[in-house]
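Note: the block below is structure00.pdb and it holds PDB, C-alpha atoms.
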ATOM      1  CA  GLN A 231     -24.900  67.160  27.430
ATOM      2  CA  ALA A 232     -25.276  70.859  28.073
ATOM      3  CA  ASN A 233     -27.226  70.134  31.250
ATOM      4  CA  LEU A 234     -24.473  67.799  32.451
ATOM      5  CA  ALA A 235     -21.865  70.448  31.688
ATOM      6  CA  LEU A 236     -23.869  72.969  33.720
ATOM      7  CA  SER A 237     -24.252  70.425  36.511
ATOM      8  CA  GLU A 238     -20.498  69.806  36.621
ATOM      9  CA  ALA A 239     -19.846  73.562  36.565
ATOM     10  CA  TYR A 240     -22.101  74.088  39.578
ATOM     11  CA  LEU A 241     -20.543  71.079  41.304
ATOM     12  CA  GLY A 242     -17.110  72.650  40.861
ATOM     13  CA  GLY A 243     -18.366  75.981  42.237
ATOM     14  CA  ARG A 244     -17.810  77.476  45.635
ATOM     15  CA  GLY A 245     -19.403  74.518  47.421
ATOM     16  CA  CYS A 246     -22.400  76.325  48.891
ATOM     17  CA  SER A 247     -25.693  74.467  49.151
ATOM     18  CA  ARG A 248     -27.225  76.470  46.274
ATOM     19  CA  ASP A 249     -24.466  75.371  43.892
ATOM     20  CA  LEU A 250     -25.008  71.739  44.853
ATOM     21  CA  ASP A 251     -28.770  72.073  44.457
ATOM     22  CA  GLU A 252     -28.264  73.515  40.969
ATOM     23  CA  ALA A 253     -25.773  70.762  40.096
ATOM     24  CA  ARG A 254     -28.319  68.160  41.164
ATOM     25  CA  ARG A 255     -31.136  69.831  39.236
ATOM     26  CA  TYR A 256     -29.187  69.996  35.970
ATOM     27  CA  ALA A 257     -28.001  66.381  36.271
ATOM     28  CA  GLU A 258     -31.581  65.209  36.860
ATOM     29  CA  VAL A 259     -32.780  67.229  33.834
ATOM     30  CA  ALA A 260     -30.017  65.663  31.724
ATOM     31  CA  MET A 261     -31.207  62.176  32.702
ATOM     32  CA  THR A 262     -34.788  62.889  31.703
ATOM     33  CA  LEU A 263     -33.819  64.414  28.360
ATOM     34  CA  ASP A 264     -31.317  61.789  27.223
ATOM     35  CA  SER A 265     -31.466  58.273  28.683
ATOM     36  CA  SER A 266     -28.103  57.425  27.080
ATOM     37  CA  MET A 267     -26.514  59.912  29.506
ATOM     38  CA  ARG A 268     -27.891  58.091  32.557
ATOM     39  CA  LYS A 269     -24.579  56.560  33.638
ATOM     40  CA  VAL A 270     -22.743  59.880  33.433
ATOM     41  CA  ALA A 271     -25.610  61.702  35.154
ATOM     42  CA  ASP A 272     -25.672  59.046  37.908
ATOM     43  CA  HIS A 273     -21.974  59.633  38.475
ATOM     44  CA  VAL A 274     -22.475  63.408  38.663
ATOM     45  CA  LEU A 275     -25.371  62.891  41.097
ATOM     46  CA  LEU A 276     -23.127  60.645  43.192
ATOM     47  CA  LEU A 277     -20.526  63.419  43.314
ATOM     48  CA  VAL A 278     -23.247  65.886  44.342
ATOM     49  CA  GLY A 279     -24.396  63.508  47.103
ATOM     50  CA  ILE A 280     -20.849  63.124  48.403
ATOM     51  CA  ALA A 281     -20.388  66.913  48.258
ATOM     52  CA  TYR A 282     -23.603  67.342  50.295
ATOM     53  CA  PHE A 283     -22.192  64.878  52.821
ATOM     54  CA  LYS A 284     -18.868  66.710  53.039
ATOM     55  CA  SER A 285     -20.618  70.066  53.466
ATOM     56  CA  ASP A 286     -22.641  68.689  56.424
ATOM     57  CA  ALA A 287     -25.928  68.666  54.488
ATOM     58  CA  GLU A 288     -26.482  65.058  55.536
ATOM     59  CA  ASP A 289     -30.266  65.074  55.028
ATOM     60  CA  LYS A 290     -29.855  66.113  51.386
ATOM     61  CA  ALA A 291     -27.012  63.619  50.999
ATOM     62  CA  LYS A 292     -29.127  60.781  52.390
ATOM     63  CA  GLU A 293     -32.090  61.648  50.175
ATOM     64  CA  LEU A 294     -30.044  61.736  46.980
ATOM     65  CA  LEU A 295     -27.757  58.832  47.811
ATOM     66  CA  THR A 296     -30.694  56.598  48.795
ATOM     67  CA  ILE A 297     -32.127  56.988  45.303
ATOM     68  CA  LEU A 298     -28.774  56.034  43.784
ATOM     69  CA  ALA A 299     -28.118  53.233  46.293
ATOM     70  CA  GLU A 300     -31.463  51.624  45.574
ATOM     71  CA  GLY A 301     -30.296  51.578  41.960
ATOM     72  CA  ASP A 302     -27.367  49.388  43.072
ATOM     73  CA  GLN A 303     -24.656  52.057  42.916
ATOM     74  CA  VAL A 304     -21.909  50.726  45.205
ATOM     75  CA  GLU A 305     -20.304  54.108  45.982
ATOM     76  CA  ALA A 306     -23.686  55.509  47.061
ATOM     77  CA  GLN A 307     -24.278  52.468  49.275
ATOM     78  CA  LEU A 308     -20.861  52.867  50.906
ATOM     79  CA  THR A 309     -21.401  56.573  51.538
ATOM     80  CA  LEU A 310     -24.853  55.906  53.010
ATOM     81  CA  GLY A 311     -23.290  53.272  55.242
ATOM     82  CA  ASP A 312     -20.779  55.872  56.463
ATOM     83  CA  ILE A 313     -23.521  58.444  57.088
ATOM     84  CA  CYS A 314     -25.648  55.965  59.036
ATOM     85  CA  PHE A 315     -22.633  54.834  61.079
ATOM     86  CA  ARG A 316     -21.789  58.450  61.986
ATOM     87  CA  GLU A 317     -25.404  58.934  63.071
ATOM     88  CA  GLU A 318     -25.145  55.741  65.181
ATOM     89  CA  ASP A 319     -27.823  54.086  63.022
ATOM     90  CA  TYR A 320     -25.904  50.811  63.008
ATOM     91  CA  GLY A 321     -28.782  48.825  61.510
ATOM     92  CA  GLY A 322     -28.982  51.186  58.532
ATOM     93  CA  ALA A 323     -25.206  51.233  58.196
ATOM     94  CA  LYS A 324     -25.050  47.431  58.221
ATOM     95  CA  HIS A 325     -27.762  47.239  55.558
ATOM     96  CA  TRP A 326     -26.012  49.607  53.128
ATOM     97  CA  LEU A 327     -22.519  48.212  53.745
ATOM     98  CA  LEU A 328     -23.688  44.653  53.099
ATOM     99  CA  GLU A 329     -25.546  45.818  49.989
ATOM    100  CA  ALA A 330     -22.305  47.399  48.763
ATOM    101  CA  ALA A 331     -20.266  44.276  49.532
ATOM    102  CA  LEU A 332     -22.742  41.974  47.838
ATOM    103  CA  GLN A 333     -23.061  44.256  44.786
ATOM    104  CA  ASP A 334     -19.296  44.360  44.365
ATOM    105  CA  SER A 335     -19.055  41.340  42.094
ATOM    106  CA  PRO A 336     -16.446  40.090  41.622
ATOM    107  CA  PRO A 337     -15.159  41.391  44.954
ATOM    108  CA  GLU A 338     -13.056  44.458  44.287
ATOM    109  CA  GLU A 339     -11.569  47.316  46.257
ATOM    110  CA  HIS A 340     -14.681  48.077  48.347
ATOM    111  CA  TYR A 341     -15.459  44.506  49.378
ATOM    112  CA  GLY A 342     -13.127  44.214  52.365
ATOM    113  CA  SER A 343     -13.889  47.661  53.693
ATOM    114  CA  ALA A 344     -17.656  47.200  53.330
ATOM    115  CA  LEU A 345     -17.629  43.810  55.072
ATOM    116  CA  LEU A 346     -15.445  45.079  57.907
ATOM    117  CA  GLY A 347     -17.854  47.984  58.341
ATOM    118  CA  ALA A 348     -20.725  45.483  58.558
ATOM    119  CA  VAL A 349     -18.758  43.444  61.124
ATOM    120  CA  ASN A 350     -18.345  46.605  63.240
ATOM    121  CA  CYS A 351     -22.068  47.363  62.937
ATOM    122  CA  CYS A 352     -22.954  43.846  64.096
ATOM    123  CA  ALA A 353     -20.659  44.302  67.111
ATOM    124  CA  MET A 354     -22.306  47.631  67.973
ATOM    125  CA  LEU A 355     -25.774  46.036  67.686
ATOM    126  CA  GLY A 356     -24.767  43.037  69.823
ATOM    127  CA  LEU A 357     -25.350  40.656  66.899
ATOM    128  CA  HIS A 358     -22.252  38.642  67.695
ATOM    129  CA  CYS A 359     -23.202  35.471  65.809
ATOM    130  CA  GLU A 360     -23.770  37.522  62.663
ATOM    131  CA  GLU A 361     -20.571  39.432  63.428
ATOM    132  CA  ARG A 362     -18.686  36.126  63.461
ATOM    133  CA  PHE A 363     -20.335  34.993  60.217
ATOM    134  CA  TRP A 364     -19.298  38.114  58.284
ATOM    135  CA  PHE A 365     -15.861  38.000  59.906
ATOM    136  CA  ARG A 366     -15.384  34.478  58.549
ATOM    137  CA  VAL A 367     -16.427  35.658  55.097
ATOM    138  CA  ILE A 368     -13.863  38.480  55.179
ATOM    139  CA  SER A 369     -11.226  36.104  56.607
ATOM    140  CA  ASN A 370     -11.678  33.705  53.705
ATOM    141  CA  TRP A 371     -11.486  36.596  51.221
ATOM    142  CA  ALA A 372      -8.426  38.099  52.945
ATOM    143  CA  ARG A 373      -6.447  34.866  52.479
ATOM    144  CA  ALA A 374      -6.327  35.518  48.727
ATOM    145  CA  ASN A 375      -6.384  39.337  48.788
ATOM    146  CA  VAL A 376      -4.475  42.118  50.473
ATOM    147  CA  LEU A 377      -6.344  44.332  52.920
ATOM    148  CA  GLU A 378      -5.699  48.066  52.934
ATOM    149  CA  PRO A 379      -3.586  49.095  55.975
ATOM    150  CA  SER A 380      -6.558  50.787  57.665
ATOM    151  CA  ASP A 381      -8.718  47.720  56.977
ATOM    152  CA  ALA A 382      -5.993  45.434  58.356
ATOM    153  CA  LYS A 383      -6.169  47.327  61.678
ATOM    154  CA  ARG A 384      -9.962  47.026  61.721
ATOM    155  CA  TYR A 385      -9.650  43.320  60.896
ATOM    156  CA  GLU A 386      -7.320  42.731  63.851
ATOM    157  CA  ALA A 387      -9.611  44.711  66.182
ATOM    158  CA  ALA A 388     -12.623  42.644  65.085
ATOM    159  CA  HIS A 389     -10.676  39.403  65.560
ATOM    160  CA  LYS A 390      -9.614  40.507  69.043
ATOM    161  CA  HIS A 391     -13.229  41.390  69.904
ATOM    162  CA  LEU A 392     -14.494  37.965  68.831
ATOM    163  CA  ARG A 393     -11.758  36.221  70.864
ATOM    164  CA  LYS A 394     -12.742  38.337  73.877
ATOM    165  CA  LEU A 395     -16.327  37.048  73.627
ATOM    166  CA  ARG A 396     -14.981  33.552  74.311
ATOM    167  CA  ALA A 397     -13.058  34.599  77.426
ATOM    168  CA  PHE A 398     -16.170  34.570  79.636
ATOM    169  CA  CYS A 399     -19.032  32.137  80.114
ATOM    170  CA  ARG A 400     -22.074  33.364  78.206
ATOM    171  CA  GLY A 401     -24.346  31.933  80.920
ATOM    172  CA  CYS A 402     -22.776  33.069  84.192
ATOM    173  CA  ALA A 403     -19.993  35.491  83.106
ATOM    174  CA  VAL A 404     -17.211  33.615  84.935
ATOM    175  CA  ALA A 405     -13.759  33.949  83.342
ATOM    176  CA  LEU A 406     -12.854  30.897  81.294
ATOM    177  CA  ASP A 407      -9.535  29.265  80.526
ATOM    178  CA  GLY A 408      -8.399  26.012  79.008
ATOM    179  CA  PRO A 409     -10.378  22.887  79.937
ATOM    180  CA  THR A 410     -13.341  24.729  81.500
ATOM    181  CA  ARG A 411     -14.158  26.426  78.208
ATOM    182  CA  LYS A 412     -16.815  24.737  76.074
ATOM    183  CA  LEU A 413     -17.501  26.259  72.667
ATOM    184  CA  CYS A 414     -21.168  26.530  71.688
ATOM    185  CA  LYS A 415     -21.796  23.825  69.102
ATOM    186  CA  GLY A 416     -24.433  25.925  67.350
ATOM    187  CA  CYS A 417     -23.078  29.417  66.769
ATOM    188  CA  LYS A 418     -19.429  28.789  67.714
ATOM    189  CA  THR A 419     -19.293  32.401  68.896
ATOM    190  CA  TYR A 420     -19.725  31.995  72.635
ATOM    191  CA  CYS A 421     -18.215  29.686  75.218
ATOM    192  CA  TYR A 422     -19.739  28.201  78.338
ATOM    193  CA  CYS A 423     -18.218  26.840  81.515
ATOM    194  CA  SER A 424     -18.526  23.181  82.507
ATOM    195  CA  ARG A 425     -20.989  24.061  85.283
ATOM    196  CA  GLU A 426     -24.564  22.875  84.872
TER     197      GLU A 426
END
Let me see the file written as structure tokens.
Amino acid sequence: QANLALSEAYLGGRGCSRDLDEARRYAEVAMTLDSSMRKVADHVLLLVGIAYFKSDAEDKAKELLTILAEGDQVEAQLTLGDICFREEDYGGAKHWLLEAALQDSPPEEHYGSALLGAVNCCAMLGLHCEERFWFRVISNWARANVLEPSDAKRYEAAHKHLRKLRAFCRGCAVALDGPTRKLCKGCKTYCYCSRE
């Protein structure tokens, strides 16, 4: 417990990298000395990882948060998803955001945000069929739950993007309207014109 107290004291320090390194070191020592303190130490390490992230020490944040995320810690997975997205590593972001969404059982506060982040990643990667799949999952969940205001805006933007994909023929790029539009029977994401 003394090591955790020291870790928290360093975490609450001036915020320099040395303080965060010391906070991490003491939390890791606490975990090795007393396995019953693991949950508390994990939480302190999560706070250290987030502090690294906020102080622009993203490499240290990624290293520490990856360890925690692989241990199924949802907050670490979400933060890693944010880091990867900022670095334009949309594949990595999608992976961690989906891990967070699928770990959040039953779906709680992070579920909608994590899935919408994954939908955005799919759009950025051009994985539009997968984008539509995860959008349908979040749509079904949103019928029974309330989205946060910022998530509601992201939801509407994703919906608009998916509708836009159907405005042009996937084969020849001609603008489609009404009777000339034929929805793909497989993925139901794209439309095609009636031309052969």
- Test item: the PyMOL selection byres ((chain A and resi 366-380) around 12) resolved as a ChimeraX atom specification: /A:328,331-332,336-349,359-365,381-389,392,418-419
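Between atom CA of A:Cys314 and atom CA of A:Cys351 the interatomic distance comes to 10.1 Å.
Near stretch 396-403 of chain A, within a cut-off of 8 Å and counting all atoms listed in the file, sit the residues Arg411, Leu413, Thr419, Tyr420, Cys421, Tyr422 and Cys423 of chain A, with same-chain residues fewer than 6 positions away left out.
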- Message: I'd like to see the residues matched by the PyMOL selection byres ((chain A and resi 295) around 12) on this file, and ideally I'd get them as a PyMOL selection string.
- Response: chain A and resi 254+272-283+288-294+296-314+326
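Reported to one decimal place, the separation of atom CA of A:Asn350 from atom CA of A:Lys324 is 8.4 Å.
Going from atom CA of A:Leu327 to atom CA of A:Leu357 covers 15.4 Å.
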Could you give me stretch 354-377 of chain A completed to N, CA, C and O atoms, formatted as a PDB file, in the coordinates of the input?
ATOM      1  N   MET A 354     -21.624  46.536  67.288  1.00  0.00           N
ATOM      2  CA  MET A 354     -22.306  47.631  67.973  1.00  0.00           C
ATOM      3  C   MET A 354     -23.756  47.269  68.307  1.00  0.00           C
ATOM      4  O   MET A 354     -24.304  47.744  69.300  1.00  0.00           O
ATOM      5  N   LEU A 355     -24.383  46.446  67.466  1.00  0.00           N
ATOM      6  CA  LEU A 355     -25.774  46.036  67.686  1.00  0.00           C
ATOM      7  C   LEU A 355     -25.891  44.820  68.605  1.00  0.00           C
ATOM      8  O   LEU A 355     -26.998  44.412  68.949  1.00  0.00           O
ATOM      9  N   GLY A 356     -24.743  44.234  68.980  1.00  0.00           N
ATOM     10  CA  GLY A 356     -24.767  43.037  69.823  1.00  0.00           C
ATOM     11  C   GLY A 356     -25.153  41.780  69.061  1.00  0.00           C
ATOM     12  O   GLY A 356     -25.542  40.778  69.652  1.00  0.00           O
ATOM     13  N   LEU A 357     -25.042  41.809  67.751  1.00  0.00           N
ATOM     14  CA  LEU A 357     -25.350  40.656  66.899  1.00  0.00           C
ATOM     15  C   LEU A 357     -24.065  39.860  66.678  1.00  0.00           C
ATOM     16  O   LEU A 357     -23.520  39.808  65.578  1.00  0.00           O
ATOM     17  N   HIS A 358     -23.582  39.239  67.732  1.00  0.00           N
ATOM     18  CA  HIS A 358     -22.252  38.642  67.695  1.00  0.00           C
ATOM     19  C   HIS A 358     -22.159  37.395  66.816  1.00  0.00           C
ATOM     20  O   HIS A 358     -21.111  37.151  66.223  1.00  0.00           O
ATOM     21  N   CYS A 359     -23.237  36.636  66.701  1.00  0.00           N
ATOM     22  CA  CYS A 359     -23.202  35.471  65.809  1.00  0.00           C
ATOM     23  C   CYS A 359     -23.095  35.929  64.362  1.00  0.00           C
ATOM     24  O   CYS A 359     -22.332  35.372  63.575  1.00  0.00           O
ATOM     25  N   GLU A 360     -23.854  36.969  64.014  1.00  0.00           N
ATOM     26  CA  GLU A 360     -23.770  37.522  62.663  1.00  0.00           C
ATOM     27  C   GLU A 360     -22.413  38.194  62.444  1.00  0.00           C
ATOM     28  O   GLU A 360     -21.837  38.099  61.354  1.00  0.00           O
ATOM     29  N   GLU A 361     -21.915  38.830  63.494  1.00  0.00           N
ATOM     30  CA  GLU A 361     -20.571  39.432  63.428  1.00  0.00           C
ATOM     31  C   GLU A 361     -19.547  38.366  63.076  1.00  0.00           C
ATOM     32  O   GLU A 361     -18.709  38.564  62.200  1.00  0.00           O
ATOM     33  N   ARG A 362     -19.621  37.216  63.728  1.00  0.00           N
ATOM     34  CA  ARG A 362     -18.686  36.126  63.461  1.00  0.00           C
ATOM     35  C   ARG A 362     -18.843  35.597  62.039  1.00  0.00           C
ATOM     36  O   ARG A 362     -17.869  35.300  61.350  1.00  0.00           O
ATOM     37  N   PHE A 363     -20.084  35.480  61.569  1.00  0.00           N
ATOM     38  CA  PHE A 363     -20.335  34.993  60.217  1.00  0.00           C
ATOM     39  C   PHE A 363     -19.636  35.884  59.187  1.00  0.00           C
ATOM     40  O   PHE A 363     -18.891  35.406  58.327  1.00  0.00           O
ATOM     41  N   TRP A 364     -19.894  37.207  59.261  1.00  0.00           N
ATOM     42  CA  TRP A 364     -19.298  38.114  58.284  1.00  0.00           C
ATOM     43  C   TRP A 364     -17.790  38.200  58.454  1.00  0.00           C
ATOM     44  O   TRP A 364     -17.062  38.384  57.478  1.00  0.00           O
ATOM     45  N   PHE A 365     -17.310  38.021  59.690  1.00  0.00           N
ATOM     46  CA  PHE A 365     -15.861  38.000  59.906  1.00  0.00           C
ATOM     47  C   PHE A 365     -15.235  36.798  59.205  1.00  0.00           C
ATOM     48  O   PHE A 365     -14.170  36.900  58.610  1.00  0.00           O
ATOM     49  N   ARG A 366     -15.903  35.668  59.255  1.00  0.00           N
ATOM     50  CA  ARG A 366     -15.384  34.478  58.549  1.00  0.00           C
ATOM     51  C   ARG A 366     -15.373  34.697  57.045  1.00  0.00           C
ATOM     52  O   ARG A 366     -14.458  34.259  56.352  1.00  0.00           O
ATOM     53  N   VAL A 367     -16.393  35.370  56.528  1.00  0.00           N
ATOM     54  CA  VAL A 367     -16.427  35.658  55.097  1.00  0.00           C
ATOM     55  C   VAL A 367     -15.233  36.521  54.712  1.00  0.00           C
ATOM     56  O   VAL A 367     -14.521  36.234  53.739  1.00  0.00           O
ATOM     57  N   ILE A 368     -14.989  37.582  55.484  1.00  0.00           N
ATOM     58  CA  ILE A 368     -13.863  38.480  55.179  1.00  0.00           C
ATOM     59  C   ILE A 368     -12.531  37.760  55.401  1.00  0.00           C
ATOM     60  O   ILE A 368     -11.575  37.982  54.656  1.00  0.00           O
ATOM     61  N   SER A 369     -12.461  36.869  56.372  1.00  0.00           N
ATOM     62  CA  SER A 369     -11.226  36.104  56.607  1.00  0.00           C
ATOM     63  C   SER A 369     -10.895  35.224  55.410  1.00  0.00           C
ATOM     64  O   SER A 369      -9.740  35.159  54.981  1.00  0.00           O
ATOM     65  N   ASN A 370     -11.905  34.546  54.877  1.00  0.00           N
ATOM     66  CA  ASN A 370     -11.678  33.705  53.705  1.00  0.00           C
ATOM     67  C   ASN A 370     -11.232  34.544  52.514  1.00  0.00           C
ATOM     68  O   ASN A 370     -10.343  34.150  51.759  1.00  0.00           O
ATOM     69  N   TRP A 371     -11.857  35.709  52.328  1.00  0.00           N
ATOM     70  CA  TRP A 371     -11.486  36.596  51.221  1.00  0.00           C
ATOM     71  C   TRP A 371     -10.074  37.148  51.413  1.00  0.00           C
ATOM     72  O   TRP A 371      -9.302  37.243  50.467  1.00  0.00           O
ATOM     73  N   ALA A 372      -9.724  37.487  52.658  1.00  0.00           N
ATOM     74  CA  ALA A 372      -8.426  38.099  52.945  1.00  0.00           C
ATOM     75  C   ALA A 372      -7.262  37.128  52.730  1.00  0.00           C
ATOM     76  O   ALA A 372      -6.128  37.556  52.539  1.00  0.00           O
ATOM     77  N   ARG A 373      -7.519  35.838  52.737  1.00  0.00           N
ATOM     78  CA  ARG A 373      -6.447  34.866  52.479  1.00  0.00           C
ATOM     79  C   ARG A 373      -5.894  35.010  51.065  1.00  0.00           C
ATOM     80  O   ARG A 373      -4.724  34.749  50.833  1.00  0.00           O
ATOM     81  N   ALA A 374      -6.746  35.403  50.132  1.00  0.00           N
ATOM     82  CA  ALA A 374      -6.327  35.518  48.727  1.00  0.00           C
ATOM     83  C   ALA A 374      -6.135  36.969  48.288  1.00  0.00           C
ATOM     84  O   ALA A 374      -5.722  37.218  47.164  1.00  0.00           O
ATOM     85  N   ASN A 375      -6.450  37.919  49.148  1.00  0.00           N
ATOM     86  CA  ASN A 375      -6.384  39.337  48.788  1.00  0.00           C
ATOM     87  C   ASN A 375      -5.659  40.122  49.877  1.00  0.00           C
ATOM     88  O   ASN A 375      -5.571  39.673  51.011  1.00  0.00           O
ATOM     89  N   VAL A 376      -5.185  41.267  49.518  1.00  0.00           N
ATOM     90  CA  VAL A 376      -4.475  42.118  50.473  1.00  0.00           C
ATOM     91  C   VAL A 376      -5.438  43.184  50.992  1.00  0.00           C
ATOM     92  O   VAL A 376      -6.081  43.885  50.211  1.00  0.00           O
ATOM     93  N   LEU A 377      -5.533  43.284  52.312  1.00  0.00           N
ATOM     94  CA  LEU A 377      -6.344  44.332  52.920  1.00  0.00           C
ATOM     95  C   LEU A 377      -5.576  45.647  52.916  1.00  0.00           C
ATOM     96  O   LEU A 377      -4.350  45.656  53.058  1.00  0.00           O
TER      97      LEU A 377
END
